[in-house]
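**Student:** start_39.txt is the file, holding compact mmCIF, C-alpha atoms:
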```
# COMPACT_ATOMS: atom_id res chain seq x y z
CA MET A 1 59.12 148.44 71.38
CA GLY A 2 56.30 148.77 68.87
CA HIS A 3 54.40 145.77 70.20
CA VAL A 4 54.37 147.08 73.76
CA ALA A 5 53.25 150.66 73.27
CA GLY A 6 49.63 151.35 74.12
CA ILE A 7 48.62 147.88 75.26
CA LEU A 8 48.55 148.18 79.04
CA ARG A 9 44.74 148.32 79.17
CA ARG A 10 44.04 146.23 76.04
CA GLU A 11 41.39 143.60 76.84
CA VAL A 12 42.39 140.06 75.89
CA THR A 13 40.03 139.02 73.12
CA LEU A 14 39.80 135.43 74.41
CA ASN A 15 37.46 136.35 77.26
CA MET A 16 36.28 139.71 78.55
CA THR A 17 36.95 138.59 82.13
CA ALA A 18 40.69 138.53 81.35
CA PHE A 19 42.62 141.79 81.49
CA HIS A 20 45.86 143.33 82.66
CA LEU A 21 46.53 146.30 84.90
CA SER A 22 49.31 148.88 85.03
CA THR A 23 51.06 150.25 88.12
CA THR A 24 49.54 153.74 88.10
CA GLY A 25 46.24 155.54 88.48
CA ALA A 26 42.98 153.62 88.78
CA ASP A 27 44.77 150.44 87.67
CA ARG A 28 47.05 150.67 90.70
CA GLU A 29 44.08 150.99 93.06
CA ARG A 30 42.35 148.00 91.48
CA TRP A 31 45.62 146.02 91.64
CA ILE A 32 46.00 146.74 95.37
CA SER A 33 42.37 145.79 96.03
CA LEU A 34 43.05 142.39 94.45
CA LEU A 35 46.10 141.93 96.69
CA ASP A 36 44.01 142.86 99.72
CA ALA A 37 41.56 140.11 98.79
CA LEU A 38 44.26 137.42 98.80
CA PRO A 39 44.28 135.00 101.74
CA ASN A 40 46.61 135.69 104.66
CA GLY A 41 50.17 134.65 103.89
CA SER A 42 49.82 135.16 100.14
CA ARG A 43 50.36 138.92 100.10
CA ASP A 44 53.93 139.99 99.42
CA ILE A 45 55.90 143.06 98.41
CA HIS A 46 57.01 141.41 95.15
CA PHE A 47 53.39 141.34 94.00
CA HIS A 48 52.73 145.01 94.82
CA PRO A 49 52.56 147.63 92.03
CA ASP A 50 54.74 150.09 93.96
CA TYR A 51 57.58 147.56 94.16
CA MET A 52 57.23 146.70 90.48
CA ARG A 53 57.19 150.40 89.65
CA ILE A 54 60.79 150.59 90.89
CA TYR A 55 61.93 148.59 87.87
CA GLU A 56 59.87 150.61 85.43
CA ARG A 57 61.55 153.75 86.76
CA THR A 58 65.02 152.25 86.75
CA TYR A 59 64.93 150.43 83.41
CA PRO A 60 63.13 152.23 80.54
CA ASP A 61 62.64 148.97 78.61
CA GLN A 62 60.61 147.33 81.42
CA THR A 63 56.86 147.58 81.96
CA ALA A 64 54.96 145.93 84.80
CA HIS A 65 51.53 144.32 84.48
CA LEU A 66 49.11 142.34 86.60
CA LEU A 67 47.43 139.67 84.48
CA VAL A 68 43.99 138.87 85.86
CA TYR A 69 41.40 136.22 85.03
CA GLU A 70 38.03 136.24 86.78
CA GLY A 71 36.74 132.68 86.60
CA THR A 72 33.62 130.93 87.81
CA GLY A 73 35.25 129.67 91.01
CA GLY A 74 37.68 132.48 91.76
CA THR A 75 40.14 135.04 90.44
CA ILE A 76 43.69 134.23 89.31
CA CYS A 77 46.37 136.93 89.15
CA LYS A 78 49.94 136.95 87.89
CA PRO A 79 52.33 139.91 88.20
CA ILE A 80 54.83 140.09 85.34
CA VAL A 81 57.39 142.45 83.83
CA SER A 82 57.80 142.74 80.07
CA LYS A 83 61.35 143.53 78.94
CA GLY A 84 62.19 144.81 75.50
CA ILE A 85 64.70 142.81 73.47
CA PRO A 86 67.28 145.25 72.05
CA GLY A 87 67.19 145.68 68.29
CA THR A 88 63.74 144.10 67.91
CA ASP A 89 60.06 144.86 68.35
CA TYR A 90 59.77 141.88 70.70
CA CYS A 91 59.99 141.41 74.44
CA ASP A 92 60.06 138.61 76.97
CA ILE A 93 58.10 138.39 80.21
CA SER A 94 59.27 137.37 83.65
CA SER A 95 58.68 137.77 87.35
CA VAL A 96 60.01 141.00 88.78
CA TYR A 97 63.43 140.94 90.49
CA GLY A 98 62.80 138.61 93.40
CA TYR A 99 59.71 136.46 93.02
CA GLY A 100 56.45 136.13 91.13
CA GLY A 101 54.05 133.44 90.03
CA PRO A 102 50.26 132.99 90.06
CA LEU A 103 48.00 133.96 92.96
CA THR A 104 44.38 133.04 93.65
CA ILE A 105 41.33 134.54 95.30
CA GLY A 106 38.62 132.02 96.01
CA SER A 107 38.72 128.48 94.61
CA PRO A 108 39.31 128.49 90.84
CA THR A 109 38.18 125.39 88.99
CA GLU A 110 40.31 123.31 86.65
CA ASP A 111 38.52 125.02 83.78
CA ASP A 112 39.40 128.41 85.28
CA LEU A 113 43.07 127.43 85.43
CA GLY A 114 43.07 126.36 81.80
CA ARG A 115 41.35 129.55 80.70
CA PHE A 116 43.78 131.62 82.77
CA ASP A 117 46.74 130.03 81.00
CA ASP A 118 45.05 130.73 77.65
CA ALA A 119 44.63 134.34 78.77
CA VAL A 120 48.32 134.56 79.72
CA GLN A 121 49.27 133.23 76.28
CA ALA A 122 46.95 135.76 74.61
CA SER A 123 48.39 138.61 76.69
CA ALA A 124 51.92 137.48 75.80
CA THR A 125 51.01 137.59 72.12
CA SER A 126 49.59 141.10 72.47
CA LEU A 127 52.81 142.20 74.15
CA GLY A 128 55.02 140.61 71.52
CA ALA A 129 56.57 138.28 74.13
CA ILE A 130 58.52 135.26 72.90
CA SER A 131 59.52 133.62 76.21
CA GLU A 132 58.58 133.57 79.88
CA PHE A 133 60.65 133.00 83.03
CA CYS A 134 59.42 133.02 86.61
CA LEU A 135 60.85 132.46 90.08
CA LEU A 136 58.11 131.08 92.32
CA HIS A 137 57.89 132.44 95.85
CA PRO A 138 59.66 130.11 98.31
CA LEU A 139 57.36 131.03 101.21
CA LEU A 140 54.25 129.95 99.31
CA GLY A 141 55.40 126.34 99.07
CA ASP A 142 53.31 124.18 96.76
CA ALA A 143 50.41 126.63 96.59
CA GLN A 144 51.69 128.19 93.37
CA LYS A 145 52.75 124.95 91.72
CA VAL A 146 49.17 123.61 91.53
CA LEU A 147 48.18 126.71 89.55
CA LEU A 148 50.68 126.10 86.75
CA SER A 149 49.79 124.61 83.40
CA SER A 150 51.28 121.37 82.11
CA ASN A 151 53.54 123.31 79.71
CA GLU A 152 55.25 125.14 82.59
CA PRO A 153 57.73 122.59 83.99
CA VAL A 154 59.04 123.36 87.47
CA THR A 155 62.79 123.31 88.11
CA TYR A 156 64.48 123.26 91.51
CA ARG A 157 67.15 125.97 91.69
CA LYS A 158 68.58 126.29 95.20
CA GLU A 159 67.82 126.91 98.86
CA VAL A 160 67.10 130.32 100.38
CA VAL A 161 67.54 131.18 104.05
CA VAL A 162 64.64 132.45 106.17
CA VAL A 163 64.14 133.25 109.83
CA ASP A 164 60.80 132.45 111.49
CA LEU A 165 60.12 135.55 113.57
CA SER A 166 57.18 133.93 115.37
CA GLN A 167 59.83 132.31 117.58
CA SER A 168 60.91 134.01 120.77
CA LEU A 169 64.01 136.21 120.67
CA GLY A 170 65.72 133.62 122.82
CA GLU A 171 65.04 130.88 120.27
CA ILE A 172 66.14 133.12 117.38
CA TRP A 173 69.38 133.79 119.28
CA ARG A 174 69.95 130.08 119.94
CA ARG A 175 69.52 129.23 116.25
CA ILE A 176 72.29 131.64 115.23
CA GLU A 177 75.58 129.78 114.93
CA ASP A 178 78.04 130.39 117.73
CA ARG A 179 80.65 132.05 115.52
CA GLN A 180 78.16 134.67 114.33
CA ARG A 181 76.86 135.32 117.84
CA LYS A 182 80.45 135.91 118.95
CA ALA A 183 81.15 138.10 115.91
CA ALA A 184 78.13 140.33 116.60
CA LEU A 185 78.98 140.64 120.28
CA ALA A 186 82.62 141.44 119.43
CA ALA A 187 81.46 144.18 117.07
CA ARG A 188 79.34 145.74 119.77
CA LYS A 189 82.16 145.46 122.31
CA ALA A 190 84.52 147.16 119.82
CA GLY A 191 82.24 150.20 119.86
CA LEU A 192 80.15 149.72 116.74
CA VAL A 193 76.71 151.30 116.86
CA VAL A 194 73.81 150.55 114.51
CA ARG A 195 71.97 153.62 113.25
CA ALA A 196 68.79 153.85 111.15
CA SER A 197 69.09 156.07 108.10
CA ASP A 198 66.76 159.00 107.51
CA LEU A 199 66.63 157.88 103.83
CA SER A 200 67.83 161.28 102.71
CA GLU A 201 69.09 161.67 99.17
CA ALA A 202 72.62 162.14 100.47
CA ASP A 203 72.54 159.04 102.69
CA ILE A 204 71.16 156.82 99.93
CA ALA A 205 73.80 158.20 97.55
CA ARG A 206 76.53 157.27 100.04
CA PHE A 207 75.10 153.76 100.28
CA GLN A 208 75.08 153.50 96.49
CA VAL A 209 78.77 154.44 96.29
CA MET A 210 79.79 151.90 98.95
CA TYR A 211 77.56 149.23 97.39
CA LEU A 212 79.14 149.63 93.94
CA LYS A 213 82.64 149.52 95.47
CA THR A 214 81.69 146.31 97.27
CA MET A 215 80.46 144.77 94.02
CA GLU A 216 83.76 145.68 92.36
CA ASN A 217 85.75 144.22 95.26
CA VAL A 218 83.93 140.87 95.13
CA GLY A 219 84.06 140.70 91.32
CA ALA A 220 80.26 140.70 90.91
CA ARG A 221 79.03 140.55 87.34
CA ALA A 222 77.49 143.60 85.68
CA PHE A 223 73.92 142.56 86.57
CA TRP A 224 74.56 143.49 90.21
CA HIS A 225 75.93 146.94 89.40
CA PHE A 226 72.58 148.73 89.64
CA PRO A 227 72.10 152.16 88.03
CA ASP A 228 72.70 155.22 90.19
CA ASP A 229 68.98 155.85 90.71
CA TYR A 230 68.02 152.31 91.75
CA PHE A 231 68.14 152.71 95.55
CA HIS A 232 66.64 156.19 95.28
CA ASN A 233 63.77 154.65 93.32
CA CYS A 234 63.30 151.97 96.00
CA ALA A 235 62.99 154.60 98.73
CA ALA A 236 60.76 156.84 96.61
CA ALA A 237 58.38 154.02 95.69
CA LEU A 238 58.18 152.29 99.09
CA GLY A 239 58.88 155.09 101.56
CA PHE A 240 59.64 154.56 105.24
CA ASP A 241 56.92 151.92 105.50
CA GLY A 242 58.63 149.69 102.96
CA THR A 243 62.32 150.62 103.11
CA SER A 244 64.92 150.57 105.89
CA LEU A 245 68.60 151.41 105.63
CA PHE A 246 70.82 150.64 108.62
CA HIS A 247 74.45 151.59 109.13
CA ALA A 248 76.99 150.07 111.51
CA GLU A 249 79.27 152.92 112.55
CA LYS A 250 82.42 153.30 114.58
CA ASP A 251 83.49 156.75 115.67
CA GLY A 252 81.00 158.23 113.21
CA GLU A 253 82.39 156.34 110.21
CA VAL A 254 80.26 153.76 108.36
CA ALA A 255 81.80 150.29 108.44
CA ALA A 256 78.89 148.48 106.76
CA SER A 257 75.30 149.09 105.69
CA VAL A 258 72.26 146.97 104.95
CA PHE A 259 69.24 147.88 102.81
CA HIS A 260 65.96 146.10 103.64
CA ILE A 261 62.59 146.17 101.92
CA HIS A 262 59.44 145.07 103.74
CA MET A 263 55.68 144.84 103.47
CA TYR A 264 52.91 142.61 104.77
CA ASP A 265 54.52 139.71 106.67
CA THR A 266 58.12 139.76 105.46
CA VAL A 267 61.35 141.73 105.71
CA TYR A 268 63.80 141.11 102.86
CA TYR A 269 67.54 141.51 103.35
CA HIS A 270 67.79 143.25 99.99
CA PHE A 271 71.43 144.37 99.69
CA SER A 272 74.41 145.14 101.89
CA CYS A 273 77.88 146.59 101.54
CA SER A 274 80.93 147.20 103.67
CA ASP A 275 84.18 149.11 103.90
CA PRO A 276 86.94 146.58 103.09
CA ASP A 277 89.22 148.26 105.62
CA SER A 278 86.69 147.54 108.39
CA ARG A 279 85.93 143.87 107.77
CA GLN A 280 87.71 142.77 110.93
CA LEU A 281 85.07 144.69 112.91
CA ASN A 282 82.31 142.16 112.03
CA ALA A 283 79.95 145.01 111.21
CA THR A 284 77.66 143.00 108.92
CA SER A 285 77.15 140.34 111.58
CA LEU A 286 76.03 143.04 114.01
CA LEU A 287 73.75 144.59 111.39
CA LEU A 288 71.98 141.29 110.76
CA LEU A 289 71.54 140.57 114.46
CA ASP A 290 70.07 144.01 115.10
CA SER A 291 67.92 143.69 111.96
CA LEU A 292 66.40 140.49 113.31
CA ILE A 293 65.65 142.17 116.63
CA TRP A 294 64.11 145.17 114.85
CA ALA A 295 61.99 143.01 112.49
CA LYS A 296 60.74 140.87 115.39
CA GLY A 297 59.81 143.98 117.36
CA ALA A 298 58.02 145.50 114.37
CA GLY A 299 55.72 142.49 114.19
CA TYR A 300 56.91 140.83 110.98
CA ARG A 301 56.47 137.09 110.52
CA TRP A 302 59.49 136.29 108.34
CA PHE A 303 62.99 137.63 107.77
CA HIS A 304 64.18 136.56 104.34
CA LEU A 305 67.95 136.46 103.83
CA GLY A 306 67.93 134.84 100.37
CA GLY A 307 70.43 132.45 98.85
CA GLY A 308 74.03 132.41 97.77
CA ARG A 309 75.73 133.31 94.53
CA THR A 310 75.44 129.77 93.17
CA ASP A 311 73.02 126.85 93.37
CA GLY A 312 75.17 125.13 96.03
CA GLU A 313 77.33 125.95 99.01
CA ASP A 314 79.27 129.20 98.75
CA PRO A 315 80.57 131.73 101.31
CA LEU A 316 77.55 134.03 100.96
CA PHE A 317 75.06 131.20 101.52
CA THR A 318 77.10 129.85 104.45
CA PHE A 319 77.13 133.31 106.03
CA LYS A 320 73.37 133.74 105.69
CA ARG A 321 72.51 130.25 106.88
CA ALA A 322 74.51 130.86 110.06
CA PHE A 323 71.74 133.24 111.18
CA SER A 324 68.96 130.69 111.02
CA GLY A 325 69.66 127.23 109.68
CA GLU A 326 66.16 127.17 108.17
CA THR A 327 65.91 127.11 104.38
CA LYS A 328 63.14 126.95 101.81
CA PRO A 329 63.45 125.49 98.29
CA LEU A 330 63.37 127.90 95.36
CA PHE A 331 61.76 126.79 92.10
CA SER A 332 61.48 128.36 88.66
CA THR A 333 59.44 127.89 85.52
CA GLN A 334 60.29 128.79 81.96
CA ARG A 335 58.76 128.34 78.55
CA ILE A 336 59.07 129.45 74.95
CA LEU A 337 56.01 131.30 73.68
CA ASP A 338 57.10 131.94 70.07
CA THR A 339 59.42 129.13 68.95
CA GLN A 340 60.29 130.50 65.54
CA THR A 341 61.33 133.95 66.79
CA TYR A 342 63.09 132.44 69.82
CA ASP A 343 65.18 130.19 67.57
CA THR A 344 66.02 133.06 65.22
CA LEU A 345 67.22 135.34 68.02
CA THR A 346 69.13 132.50 69.69
CA ALA A 347 70.89 131.64 66.43
CA ALA A 348 71.97 135.28 66.08
CA THR A 349 73.34 135.27 69.65
CA LYS A 350 75.29 132.07 69.02
CA GLN A 351 76.71 133.53 65.82
CA ARG A 352 77.97 136.58 67.74
CA GLU A 353 79.54 134.28 70.33
CA ALA A 354 81.23 132.22 67.62
CA SER A 355 82.68 135.38 66.09
CA ALA A 356 83.94 136.68 69.44
CA LEU A 357 84.96 133.43 71.15
CA GLY A 358 85.55 130.95 68.33
CA GLN A 359 82.45 128.90 69.18
CA PRO A 360 79.07 129.34 70.92
CA ARG A 361 79.02 128.96 74.69
CA GLU A 362 77.79 125.82 76.39
CA THR A 363 75.12 127.04 78.78
CA SER A 364 71.67 126.35 80.21
CA PHE A 365 70.95 130.08 80.53
CA PHE A 366 67.37 131.06 79.66
CA PRO A 367 66.36 132.80 77.53
CA ARG A 368 69.39 131.80 75.51
CA TYR A 369 69.35 134.91 73.31
CA ARG A 370 69.84 137.09 76.42
CA LEU A 371 73.26 135.64 77.27
CA GLN A 372 75.88 138.35 76.87
CA THR A 373 79.05 137.70 74.86
```
Have the structure of the file written as structure tokens, please.

**Tutor:**
Amino acid sequence: MGHVAGILRREVTLNMTAFHLSTTGADRERWISLLDALPNGSRDIHFHPDYMRIYERTYPDQTAHLLVYEGTGGTICKPIVSKGIPGTDYCDISSVYGYGGPLTIGSPTEDDLGRFDDAVQASATSLGAISEFCLLHPLLGDAQKVLLSSNEPVTYRKEVVVVDLSQSLGEIWRRIEDRQRKAALAARKAGLVVRASDLSEADIARFQVMYLKTMENVGARAFWHFPDDYFHNCAAALGFDGTSLFHAEKDGEVAASVFHIHMYDTVYYHFSCSDPDSRQLNATSLLLLDSLIWAKGAGYRWFHLGGGRTDGEDPLFTFKRAFSGETKPLFSTQRILDTQTYDTLTAATKQREASALGQPRETSFFPRYRLQT
């Protein structure tokens, strides 16, 4: 990654008020101070350098940055991850796993927004980035959309499920579908007990093993088979304040587990897994019910369950929605930053597909050159 090395603190030549920060040292402290200056409701774990550091530790080809533009009316920030493109000196940029998008402090002017986009383009060039993809944060509604440039079209992707924890526990209980209330109560009656993990190396390793077995059992694609150090990196980066692992146990044996991350106002149902021989115990239903009770008691505002495996109705989405019924729309943006290089790499990918499959795949996947044969 020749274009990426040594550029984390390179000032963008367009304007000396535009710069990007790394996740460590003095940059990290400055990054956090900018997050602290955001208005209430705009701070989120996905924008925090410690969360983004997880992916730098897990994937050697990824580097996190906070792009910043200090304008006349306010400051605009955008957390991104640059990812090296194998076999090239190029990369692409995207939001971190989860969500991203622009954030503002103060009231940037239209001129500030235009200059910020110019600064993003200049930073992308310095990084050697040829495309950009971003998932906007569903809890920020239209606030992020108004900060986008005209060359960043917004696409609706799907619905994600959230629980409003400002409601009373009684109202949260009433909004859970009857079948899931009964399932959770049946699990408790059958003797299942929910236990909080001590986040020891051994306990996280056990979760990792069960998680990978669950992914194999459901036929999840390779993307969801995280490296062995991923959950360890989550716990190391976020600690007890930002990570919770709960187990549903019967007679001392783990029937299911759920891994949450949390910071500021929101708890995220990050990943879960279960023992296939214990599915009839409804352990995951009990874990989610107790997680809601715990998150409410801890003072969080939102419990984010996420979406399904597709952009429509599927069993995972149906299961999650049964615990709330409230959804938020998820939007994305994407754009090509270097058309010539993008087309060259895409043509090479299609040629490999033609050799392996007889013809290139029909797909809307972006960036197209990333699609695996």

**Student:** Atom CA of Pro79 of chain A and atom CA of Met52 of chain A, how far apart in Å?

**Tutor:** 8.7 Å

**Student:** For Asp61 of chain A, which residue among A:Pro39, A:Gly358, A:Gly84, A:Gly74 is the nearest when counting only C-alpha atoms?

**Tutor:**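 The closest residue to Asp61 of chain A is A:Gly84.
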
**Student:** With 12 Å as the cut-off and all atoms listed in the file counted, what is the closest atom pair between each nearby residue of segment 73-151 of chain A and segment 337-345 of chain A? Distances in Å to one decimal, ordered by chain and number, as a tab-separated table.

**Tutor:**
```
residue	atom	partner	partner_atom	distance
A:Ile85	CA	A:Leu345	CA	9.6
A:Pro86	CA	A:Leu345	CA	10.7
A:Gly87	CA	A:Leu345	CA	10.3
A:Thr88	CA	A:Leu345	CA	9.4
A:Asp89	CA	A:Thr341	CA	11.1
A:Tyr90	CA	A:Thr341	CA	9.0
A:Cys91	CA	A:Tyr342	CA	10.6
A:Asp92	CA	A:Leu337	CA	9.0
A:Ile93	CA	A:Leu337	CA	9.9
A:Asp117	CA	A:Leu337	CA	11.9
A:Asp118	CA	A:Leu337	CA	11.7
A:Val120	CA	A:Leu337	CA	10.3
A:Gln121	CA	A:Leu337	CA	7.5
A:Ala122	CA	A:Leu337	CA	10.1
A:Ser123	CA	A:Leu337	CA	11.0
A:Ala124	CA	A:Leu337	CA	7.7
A:Thr125	CA	A:Leu337	CA	8.2
A:Ser126	CA	A:Leu337	CA	11.8
A:Leu127	CA	A:Leu337	CA	11.4
A:Gly128	CA	A:Asp338	CA	9.0
A:Ala129	CA	A:Leu337	CA	7.0
A:Ile130	CA	A:Asp338	CA	4.6
A:Ser131	CA	A:Leu337	CA	4.9
A:Glu132	CA	A:Leu337	CA	7.1
A:Phe133	CA	A:Leu337	CA	10.6
A:Asn151	CA	A:Leu337	CA	10.3
```

**Student:** Could you take the residues named above and write them with C-alpha atoms, as an mmCIF file, in the coordinates of the input?

**Tutor:**
```cif
data_model
loop_
_atom_site.group_PDB
_atom_site.id
_atom_site.type_symbol
_atom_site.label_atom_id
_atom_site.label_comp_id
_atom_site.auth_asym_id
_atom_site.auth_seq_id
_atom_site.Cartn_x
_atom_site.Cartn_y
_atom_site.Cartn_z
ATOM 1 C CA ILE A 85 64.700 142.810 73.470
ATOM 2 C CA PRO A 86 67.280 145.250 72.050
ATOM 3 C CA GLY A 87 67.190 145.680 68.290
ATOM 4 C CA THR A 88 63.740 144.100 67.910
ATOM 5 C CA ASP A 89 60.060 144.860 68.350
ATOM 6 C CA TYR A 90 59.770 141.880 70.700
ATOM 7 C CA CYS A 91 59.990 141.410 74.440
ATOM 8 C CA ASP A 92 60.060 138.610 76.970
ATOM 9 C CA ILE A 93 58.100 138.390 80.210
ATOM 10 C CA ASP A 117 46.740 130.030 81.000
ATOM 11 C CA ASP A 118 45.050 130.730 77.650
ATOM 12 C CA VAL A 120 48.320 134.560 79.720
ATOM 13 C CA GLN A 121 49.270 133.230 76.280
ATOM 14 C CA ALA A 122 46.950 135.760 74.610
ATOM 15 C CA SER A 123 48.390 138.610 76.690
ATOM 16 C CA ALA A 124 51.920 137.480 75.800
ATOM 17 C CA THR A 125 51.010 137.590 72.120
ATOM 18 C CA SER A 126 49.590 141.100 72.470
ATOM 19 C CA LEU A 127 52.810 142.200 74.150
ATOM 20 C CA GLY A 128 55.020 140.610 71.520
ATOM 21 C CA ALA A 129 56.570 138.280 74.130
ATOM 22 C CA ILE A 130 58.520 135.260 72.900
ATOM 23 C CA SER A 131 59.520 133.620 76.210
ATOM 24 C CA GLU A 132 58.580 133.570 79.880
ATOM 25 C CA PHE A 133 60.650 133.000 83.030
ATOM 26 C CA ASN A 151 53.540 123.310 79.710
#
```

**Student:** Have a look at atom CA of His270 of chain A and atom CA of His304 of chain A and let me know their distance in Å, one decimal.

**Tutor:** 8.8 Å

**Student:** I'd like the neighbourhood of Asp241 of chain A as a PDB file with C-alpha atoms, in the frame of the given file, where a residue qualifies if any of its atoms comes within 9 Å (using only C-alpha atoms), though same-chain residues fewer than 4 positions away should be ignored.

**Tutor:**
```
ATOM      1  CA  ILE A 261      62.590 146.170 101.920  1.00  0.00           C
ATOM      2  CA  HIS A 262      59.440 145.070 103.740  1.00  0.00           C
ATOM      3  CA  MET A 263      55.680 144.840 103.470  1.00  0.00           C
TER       4      MET A 263
END
```

**Student:** Using Å and a single decimal, report how far atom CA of Arg195 of chain A sits from atom CA of Glu177 of chain A.

**Tutor:**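 About the pair atom CA of Glu177 of chain A and atom CA of Arg195 of chain A: they are 24.2 Å apart.
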
**Student:** Would you list the residues near (75.2, 131.2, 76.1), meaning any protein, DNA or RNA residue with an atom at most 9 Å from that point in file coordinates, counting all atoms listed in the file, as a ChimeraX atom specification?

**Tutor:** /A:346,349-350,353,360-366,368-373

**Student:** Go through A:Gly71, A:Leu305, A:Thr266, A:Val146 one by one, measure the shortest atom-to-atom distance of each to Phe319 of chain A using all atoms listed in the file, and give the residue with the smallest value.

**Tutor:**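 Ranking A:Gly71, A:Leu305, A:Thr266, A:Val146 by distance to Phe319 of chain A, first place goes to A:Leu305.
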
**Student:** For Asp203 of chain A, find every residue with an atom within 10 Å (counting all atoms listed in the file), except residues of its own chain fewer than 6 positions away, and show them as number ranges by chain.

**Tutor:** A: 197, 232, 245

**Student:** Within 9 Å of segment 290-297 of chain A, which residues of segment 145-180 of chain A come that close, and what is the closest atom pair and distance in Å for each? Count all atoms listed in the file and give it as JSON lines.

**Tutor:**
```
{"residue": "A:Val163", "atom": "CA", "partner": "A:Leu292", "partner_atom": "CA", "distance": 8.3}
{"residue": "A:Leu165", "atom": "CA", "partner": "A:Lys296", "partner_atom": "CA", "distance": 5.7}
{"residue": "A:Ser166", "atom": "CA", "partner": "A:Lys296", "partner_atom": "CA", "distance": 7.8}
{"residue": "A:Gln167", "atom": "CA", "partner": "A:Lys296", "partner_atom": "CA", "distance": 8.9}
{"residue": "A:Ser168", "atom": "CA", "partner": "A:Lys296", "partner_atom": "CA", "distance": 8.7}
{"residue": "A:Leu169", "atom": "CA", "partner": "A:Ile293", "partner_atom": "CA", "distance": 7.4}
{"residue": "A:Ile172", "atom": "CA", "partner": "A:Leu292", "partner_atom": "CA", "distance": 8.4}
```

**Student:** Within 10 Å of (62.3, 136.6, 88.1) in the file's own coordinates, which protein, DNA or RNA residues have an atom, counting all atoms listed in the file? List them as a PyMOL selection string.

**Tutor:** chain A and resi 80-81+93-101+132-137+332-333

**Student:** Of the candidates A:Asp50, A:Glu56, A:Glu110, A:Asp277, which one gets nearest to Ala236 of chain A if we count all atoms listed in the file?

**Tutor:**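 The answer is A:Asp50, which sits nearest to Ala236 of chain A.
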
**Student:** When distances are computed from all atoms listed in the file, which of A:Gln180, A:Ser257, A:Ser149, A:Gln280 shows the smallest separation from Arg335 of chain A?

**Tutor:**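 Of A:Gln180, A:Ser257, A:Ser149, A:Gln280, the one nearest Arg335 of chain A is A:Ser149, counting all atoms listed in the file.
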
**Student:** Between A:Arg179, A:His225, A:Arg352, A:Lys328, which one has atoms that come closest to Asp142 of chain A, using all atoms listed in the file?

**Tutor:** A:Lys328

**Student:** Which residues come within 12 Å of Asp178 of chain A, counting all atoms listed in the file, excluding same-chain residues fewer than 5 positions away, as a list in words?

**Tutor:**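 Residues near the query, excluding close chain neighbours: Trp173, Ala183, Ala184, Leu185, Ser285, Ala322, Phe323 and Ser324 of chain A.
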
**Student:** Which residues are close to Arg57 of chain A, i.e. within 9 Å by only C-alpha atoms, leaving aside same-chain residues fewer than 5 positions away? Reply as a list in words.

**Tutor:**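 Residues meeting the cut-off are Gln62, Asp229, Tyr230 and Asn233 of chain A.
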
**Student:** Could you check which of A:His46, A:Val160, A:Val258, A:Pro276 is closest to Glu216 of chain A, using all atoms listed in the file?

**Tutor:**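 Of the candidates, the smallest distance to Glu216 of chain A is held by A:Pro276.
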